Structure formats: structure tokens, C-alpha cells
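Here is data18.cif, consisting of mmCIF, C-alpha atoms, pLDDT in the B column; chains and numbers go by the auth columns:
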```
data_protein
loop_
_atom_site.group_PDB
_atom_site.id
_atom_site.type_symbol
_atom_site.label_atom_id
_atom_site.label_comp_id
_atom_site.label_asym_id
_atom_site.label_seq_id
_atom_site.Cartn_x
_atom_site.Cartn_y
_atom_site.Cartn_z
_atom_site.B_iso_or_equiv
_atom_site.auth_seq_id
_atom_site.auth_asym_id
ATOM 1 C CA MET A 1 -126.902 0.624 70.763 46.00 258 K
ATOM 2 C CA GLN A 2 -125.652 2.846 73.533 54.00 259 K
ATOM 3 C CA VAL A 3 -123.406 1.530 76.282 51.00 260 K
ATOM 4 C CA HIS A 4 -125.712 2.497 79.145 54.00 261 K
ATOM 5 C CA ASP A 5 -128.624 0.575 77.567 55.00 262 K
ATOM 6 C CA ARG A 6 -126.917 -2.740 78.387 58.00 263 K
ATOM 7 C CA PHE A 7 -127.107 -2.387 82.150 58.00 264 K
ATOM 8 C CA PRO A 8 -130.174 -3.789 83.928 61.00 265 K
ATOM 9 C CA GLY A 9 -130.323 -0.835 86.329 62.00 266 K
ATOM 10 C CA ASN A 10 -131.634 1.377 83.547 74.00 267 K
ATOM 11 C CA GLU A 11 -134.757 -0.739 83.101 74.00 268 K
ATOM 12 C CA LEU A 12 -135.352 -0.669 86.837 66.00 269 K
ATOM 13 C CA ALA A 13 -134.963 3.108 86.854 68.00 270 K
ATOM 14 C CA LEU A 14 -137.487 3.396 84.023 69.00 271 K
ATOM 15 C CA VAL A 15 -139.957 1.193 85.857 70.00 272 K
ATOM 16 C CA LEU A 16 -139.579 3.180 89.069 73.00 273 K
ATOM 17 C CA HIS A 17 -140.198 6.445 87.205 78.00 274 K
ATOM 18 C CA ASP A 18 -143.504 5.182 85.826 90.00 275 K
ATOM 19 C CA THR A 19 -146.448 6.961 87.439 94.00 276 K
ATOM 20 C CA GLY A 20 -148.494 3.759 87.521 94.00 277 K
ATOM 21 C CA VAL A 21 -145.836 1.895 89.485 95.00 278 K
ATOM 22 C CA ARG A 22 -145.266 4.781 91.907 95.00 279 K
ATOM 23 C CA THR A 23 -148.977 5.296 92.486 97.00 280 K
ATOM 24 C CA GLY A 24 -149.511 1.571 93.007 97.00 281 K
ATOM 25 C CA PHE A 25 -146.668 1.419 95.485 97.00 282 K
ATOM 26 C CA CYS A 26 -147.941 4.420 97.464 97.00 283 K
ATOM 27 C CA ALA A 27 -151.531 3.149 97.468 98.00 284 K
ATOM 28 C CA GLY A 28 -150.316 -0.316 98.474 98.00 285 K
ATOM 29 C CA VAL A 29 -148.311 1.063 101.372 98.00 286 K
ATOM 30 C CA GLY A 30 -151.381 3.040 102.466 98.00 287 K
ATOM 31 C CA LEU A 31 -153.530 -0.085 102.256 98.00 288 K
ATOM 32 C CA ALA A 32 -150.958 -2.082 104.192 98.00 289 K
ATOM 33 C CA ILE A 33 -150.562 0.502 106.960 98.00 290 K
ATOM 34 C CA GLY A 34 -154.329 0.908 107.249 98.00 291 K
ATOM 35 C CA PHE A 35 -154.863 -2.839 107.425 98.00 292 K
ATOM 36 C CA ILE A 36 -152.064 -3.356 109.966 98.00 293 K
ATOM 37 C CA ALA A 37 -153.521 -0.604 112.158 97.00 294 K
ATOM 38 C CA TRP A 38 -156.989 -2.128 111.860 97.00 295 K
ATOM 39 C CA VAL A 39 -155.842 -5.613 112.859 97.00 296 K
ATOM 40 C CA PHE A 40 -153.735 -4.394 115.763 96.00 297 K
ATOM 41 C CA VAL A 41 -156.420 -2.076 117.119 96.00 298 K
ATOM 42 C CA ALA A 42 -159.048 -4.818 116.796 94.00 299 K
ATOM 43 C CA ASN A 43 -156.858 -7.343 118.609 94.00 300 K
ATOM 44 C CA ARG A 44 -154.851 -5.278 121.068 94.00 301 K
ATOM 45 C CA VAL A 45 -157.168 -2.462 122.207 94.00 302 K
ATOM 46 C CA PRO A 46 -159.971 -4.092 124.204 93.00 303 K
ATOM 47 C CA ALA A 47 -161.387 -0.683 125.204 93.00 304 K
ATOM 48 C CA LEU A 48 -162.661 -0.220 121.644 91.00 305 K
ATOM 49 C CA GLU A 49 -164.514 -3.529 121.627 93.00 306 K
ATOM 50 C CA ARG A 50 -167.769 -1.814 122.612 95.00 307 K
ATOM 51 C CA VAL A 51 -167.552 0.334 119.453 95.00 308 K
ATOM 52 C CA ALA A 52 -166.383 -2.486 117.190 94.00 309 K
ATOM 53 C CA LEU A 53 -168.882 -1.702 114.434 96.00 310 K
ATOM 54 C CA GLU A 54 -167.837 1.940 114.243 96.00 311 K
ATOM 55 C CA ARG A 55 -164.155 0.964 114.403 96.00 312 K
ATOM 56 C CA ASN A 56 -164.602 -1.472 111.532 96.00 313 K
ATOM 57 C CA VAL A 57 -166.567 1.020 109.420 97.00 314 K
ATOM 58 C CA ILE A 58 -163.853 3.657 109.862 97.00 315 K
ATOM 59 C CA ALA A 59 -161.112 1.145 109.023 97.00 316 K
ATOM 60 C CA ALA A 60 -162.981 -0.075 105.958 97.00 317 K
ATOM 61 C CA ALA A 61 -163.486 3.528 104.823 98.00 318 K
ATOM 62 C CA VAL A 62 -159.751 4.217 105.152 97.00 319 K
ATOM 63 C CA LEU A 63 -158.946 1.100 103.128 98.00 320 K
ATOM 64 C CA GLY A 64 -161.602 2.095 100.597 98.00 321 K
ATOM 65 C CA LEU A 65 -159.966 5.489 100.114 98.00 322 K
ATOM 66 C CA PHE A 66 -156.589 3.917 99.439 98.00 323 K
ATOM 67 C CA PHE A 67 -158.295 1.355 97.189 98.00 324 K
ATOM 68 C CA LEU A 68 -159.688 4.194 95.071 98.00 325 K
ATOM 69 C CA VAL A 69 -156.385 6.063 94.615 98.00 326 K
ATOM 70 C CA PRO A 70 -155.342 4.170 91.432 98.00 327 K
ATOM 71 C CA VAL A 71 -158.911 4.245 90.099 97.00 328 K
ATOM 72 C CA VAL A 72 -159.271 7.998 90.459 97.00 329 K
ATOM 73 C CA ARG A 73 -155.747 8.765 89.255 97.00 330 K
ATOM 74 C CA PHE A 74 -155.920 6.613 86.129 96.00 331 K
ATOM 75 C CA MET A 75 -159.621 6.603 85.343 94.00 332 K
ATOM 76 C CA TRP A 76 -158.998 7.228 81.618 93.00 333 K
ATOM 77 C CA GLN A 77 -155.772 5.213 81.354 95.00 334 K
ATOM 78 C CA PRO A 78 -156.830 1.561 81.689 95.00 335 K
ATOM 79 C CA GLY A 79 -153.331 0.080 81.304 94.00 336 K
ATOM 80 C CA ARG A 80 -151.846 2.212 84.035 96.00 337 K
ATOM 81 C CA LEU A 81 -154.930 1.642 86.167 97.00 338 K
ATOM 82 C CA LEU A 82 -154.456 -2.106 85.964 96.00 339 K
ATOM 83 C CA VAL A 83 -150.714 -1.982 86.698 96.00 340 K
ATOM 84 C CA SER A 84 -151.113 0.473 89.548 97.00 341 K
ATOM 85 C CA SER A 85 -154.025 -1.301 91.171 97.00 342 K
ATOM 86 C CA LEU A 86 -152.484 -4.770 90.972 97.00 343 K
ATOM 87 C CA ILE A 87 -149.267 -3.493 92.554 97.00 344 K
ATOM 88 C CA ALA A 88 -151.268 -1.867 95.353 98.00 345 K
ATOM 89 C CA TRP A 89 -153.377 -4.959 95.934 98.00 346 K
ATOM 90 C CA SER A 90 -150.331 -7.239 95.842 98.00 347 K
ATOM 91 C CA ILE A 91 -148.737 -5.208 98.636 98.00 348 K
ATOM 92 C CA LEU A 92 -151.922 -5.540 100.688 98.00 349 K
ATOM 93 C CA THR A 93 -152.042 -9.278 99.963 98.00 350 K
ATOM 94 C CA PHE A 94 -148.473 -9.816 101.170 98.00 351 K
ATOM 95 C CA THR A 95 -149.313 -7.797 104.276 98.00 352 K
ATOM 96 C CA TYR A 96 -152.380 -9.961 104.860 98.00 353 K
ATOM 97 C CA TRP A 97 -150.295 -13.100 104.393 97.00 354 K
ATOM 98 C CA GLY A 98 -147.696 -11.877 106.888 97.00 355 K
ATOM 99 C CA LEU A 99 -150.299 -10.894 109.470 97.00 356 K
ATOM 100 C CA SER A 100 -152.172 -14.173 109.046 96.00 357 K
ATOM 101 C CA MET A 101 -149.090 -15.981 110.337 95.00 358 K
ATOM 102 C CA HIS A 102 -149.364 -14.068 113.591 94.00 359 K
ATOM 103 C CA PHE A 103 -153.149 -13.716 113.778 94.00 360 K
ATOM 104 C CA GLY A 104 -154.594 -17.134 113.008 89.00 361 K
ATOM 105 C CA GLY A 105 -158.159 -15.877 112.654 92.00 362 K
ATOM 106 C CA LEU A 106 -157.289 -14.085 109.431 94.00 363 K
ATOM 107 C CA ALA A 107 -156.241 -17.260 107.642 92.00 364 K
ATOM 108 C CA GLU A 108 -159.330 -19.064 108.919 94.00 365 K
ATOM 109 C CA ARG A 109 -161.605 -16.480 107.347 93.00 366 K
ATOM 110 C CA TYR A 110 -159.847 -15.904 103.987 95.00 367 K
ATOM 111 C CA SER A 111 -156.577 -17.106 102.532 96.00 368 K
ATOM 112 C CA ALA A 112 -154.114 -14.656 101.012 97.00 369 K
ATOM 113 C CA VAL A 113 -154.920 -16.068 97.569 97.00 370 K
ATOM 114 C CA GLN A 114 -158.618 -15.377 98.120 97.00 371 K
ATOM 115 C CA ILE A 115 -157.843 -11.811 99.216 97.00 372 K
ATOM 116 C CA PHE A 116 -155.707 -11.229 96.131 98.00 373 K
ATOM 117 C CA THR A 117 -158.343 -12.725 93.844 98.00 374 K
ATOM 118 C CA LEU A 118 -161.172 -10.642 95.298 97.00 375 K
ATOM 119 C CA GLY A 119 -159.288 -7.378 94.889 97.00 376 K
ATOM 120 C CA ALA A 120 -157.778 -8.243 91.515 97.00 377 K
ATOM 121 C CA ILE A 121 -161.189 -9.115 90.060 98.00 378 K
ATOM 122 C CA VAL A 122 -162.671 -5.813 91.205 97.00 379 K
ATOM 123 C CA TYR A 123 -159.708 -3.867 89.820 97.00 380 K
ATOM 124 C CA MET A 124 -159.837 -5.788 86.523 97.00 381 K
ATOM 125 C CA ILE A 125 -163.526 -5.004 86.155 97.00 382 K
ATOM 126 C CA LEU A 126 -162.809 -1.317 86.808 97.00 383 K
ATOM 127 C CA ALA A 127 -159.921 -1.337 84.304 97.00 384 K
ATOM 128 C CA THR A 128 -162.178 -2.999 81.730 97.00 385 K
ATOM 129 C CA LEU A 129 -164.887 -0.388 82.281 97.00 386 K
ATOM 130 C CA SER A 130 -162.220 2.299 81.942 96.00 387 K
ATOM 131 C CA TRP A 131 -161.070 0.775 78.670 96.00 388 K
ATOM 132 C CA ILE A 132 -164.618 0.580 77.325 97.00 389 K
ATOM 133 C CA GLY A 133 -165.279 4.165 78.382 95.00 390 K
ATOM 134 C CA THR A 134 -162.057 5.314 76.731 94.00 391 K
ATOM 135 C CA CYS A 135 -162.956 3.511 73.494 94.00 392 K
ATOM 136 C CA ILE A 136 -166.416 5.077 73.473 94.00 393 K
ATOM 137 C CA TRP A 137 -164.970 8.519 74.222 92.00 394 K
ATOM 138 C CA LYS A 138 -162.394 8.244 71.403 89.00 395 K
ATOM 139 C CA ALA A 139 -165.001 6.958 68.940 91.00 396 K
ATOM 140 C CA ARG A 140 -167.334 9.798 69.862 88.00 397 K
ATOM 141 C CA GLU A 141 -164.498 12.306 69.564 85.00 398 K
ATOM 142 C CA THR A 142 -163.577 10.975 66.116 81.00 399 K
ATOM 143 C CA HIS A 143 -167.199 11.054 65.017 77.00 400 K
ATOM 144 C CA MET A 144 -167.667 14.617 66.265 79.00 401 K
ATOM 145 C CA SER A 145 -164.502 15.908 64.563 75.00 402 K
ATOM 146 C CA SER A 146 -165.400 14.245 61.231 69.00 403 K
ATOM 147 C CA HIS A 147 -168.934 15.577 61.548 63.00 404 K
ATOM 148 C CA ARG A 148 -167.612 19.134 62.077 65.00 405 K
ATOM 149 C CA VAL A 149 -165.358 18.875 59.003 56.00 406 K
ATOM 150 C CA SER A 150 -168.126 17.558 56.754 56.00 407 K
ATOM 151 C CA HIS A 151 -170.584 20.108 58.163 55.00 408 K
ATOM 152 C CA SER A 152 -168.172 23.006 57.553 55.00 409 K
ATOM 153 C CA ASN A 153 -167.567 21.823 53.940 56.00 410 K
ATOM 154 C CA HIS A 154 -171.313 21.719 53.381 55.00 411 K
ATOM 155 C CA HIS A 155 -171.609 25.500 53.709 54.00 412 K
ATOM 156 C CA LEU A 156 -168.846 26.218 51.160 55.00 413 K
#
```

Would you kindly transcribe this structure into C-alpha cells?
Amino acid sequence: MQVHDRFPGNELALVLHDTGVRTGFCAGVGLAIGFIAWVFVANRVPALERVALERNVIAAAVLGLFFLVPVVRFMWQPGRLLVSSLIAWSILTFTYWGLSMHFGGLAERYSAVQIFTLGAIVYMILATLSWIGTCIWKARETHMSSHRVSHSNHHL
């Protein structure tokens, strides 16, 4: 066992160098900033009240783009997809919880636990579909390569 393996900072460094963790953190920060901007604009800019529907559609689209970052990046890596997406959604959930202390209407509509659960379920379904797709792809790949070998031996 090497000396530097005993220090806890090495594990933290390894975790921070993982692409799933970094992507989740970046997507989570994007979700948080987008959500904060949405809440503040909706509550502090009365001039945009007449275009509330358009404002909400644009904000939801921005959040949707950040929501999709882990999905698109790790479409064929279900483990990393799950880690990345749950980190991102956890950051958004903590942001929601913090804002709900200041904006009471948020907590009246959904609790932070409900927000986390809604997002986590969607991400878990997507990670499961990714896993199933990966299994099918690998099985098909194995079948095709064994079929090529047996087919090439047939002509000998």
C-alpha cells in the first residue's frame, strides 16, 4: 500500500475528476441559475406579467436544456447517467428549498422532497432505458460478431 493512498484527499480528487460528477455539477449549477432567474423575474419584474406564459415557456425550455445535459452526455453509460443526473437534480432541489424559504408560494405548491422525487424518478427511468438499450446493443453486437465468424468458417 502506498503512502499517499491513506489520505482522504485522494479519494476526493478521484471523485472530482470523474466526468459524471463534473457534468452533474455543471448541469446542476445551470439548473439552479436558470431556476433562480425564473423565480426572481416572475416575482420582481411586474412589466413581464403580461407575457407570463411566454416567460414561463422560455424558462422551462432553459431548465429542460440543462436537464438534458447528463442524458445526452451519458446516453450509453447508464451508471454515469444516474450519478450525473442525481447530482444535478440534487443541486436544483437544494436551490428550490432555499428559495422556498423566501418565496412562500413555492413551498405551498410543491415541497423540496416532491421536487427531488419527481426529477429523480424521471432520471431513473431514463437511466434504466439507457441500461436496457446498452444491454440490447451489446447482445446484438455479440450476436453479429459470432455470426460473422461462423459465416466466414462456413466458406472454408

### Task
Could you tell me which of K:Ser342, K:Ser368, K:Asn313, K:Thr352 comes closest to K:Val278 if we count only C-alpha atoms?
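Under the stated criterion, the closest residue is K:Ser342.
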
### Query
So how many Å separate atom CA of K:Val302 and atom CA of K:Ala317, to one decimal?
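Computed distance, atom CA of K:Val302 to atom CA of K:Ala317, equals 17.4 Å.
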
#### Entry: Expansion of the PyMOL selection byres ((chain K and resi 360-367) around 12) into residues, as a list in words
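Answer for the PyMOL selection byres ((chain K and resi 360-367) around 12): Phe292, Ile293, Val296, Phe297, Ala299, Asn300, Arg301, Thr350, Thr352, Tyr353, Trp354, Gly355, Leu356, Ser357, Met358, His359, Ser368, Ala369, Val370, Gln371, Ile372, Phe373, Thr374 and Leu375 of chain K.
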
### Message
Counting all atoms listed in the file, which residue out of K:Val308, K:Met401, K:Ala377, K:Leu339 sits closest to K:Gly277?
### Response
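Smallest distance to K:Gly277 is found for K:Leu339.
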
Please return the centre and edge lengths, in Å to one decimal, of a box with edges along x, y and z that contains all listed atoms of stretch 338-351 of chain K, widened by 5 Å on every side, as AutoDock Vina command-line options.
```
--center_x -151.7 --center_y -4.1 --center_z 93.6 --size_x 16.5 --size_y 21.5 --size_z 25.2
```

### Query
the PyMOL selection byres ((chain K and resi 383-399) around 10) on the file shown: which residues, as a list of chain:residue names?
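On the file shown, the PyMOL selection byres ((chain K and resi 383-399) around 10) covers K:Val328, K:Phe331, K:Met332, K:Trp333, K:Gln334, K:Pro335, K:Gly336, K:Arg337, K:Leu338, K:Leu339, K:Val340, K:Ser342, K:Ala377, K:Ile378, K:Val379, K:Tyr380, K:Met381, K:Ile382, K:His400, K:Met401, K:Ser402, K:Ser403, K:His404, K:Arg405.
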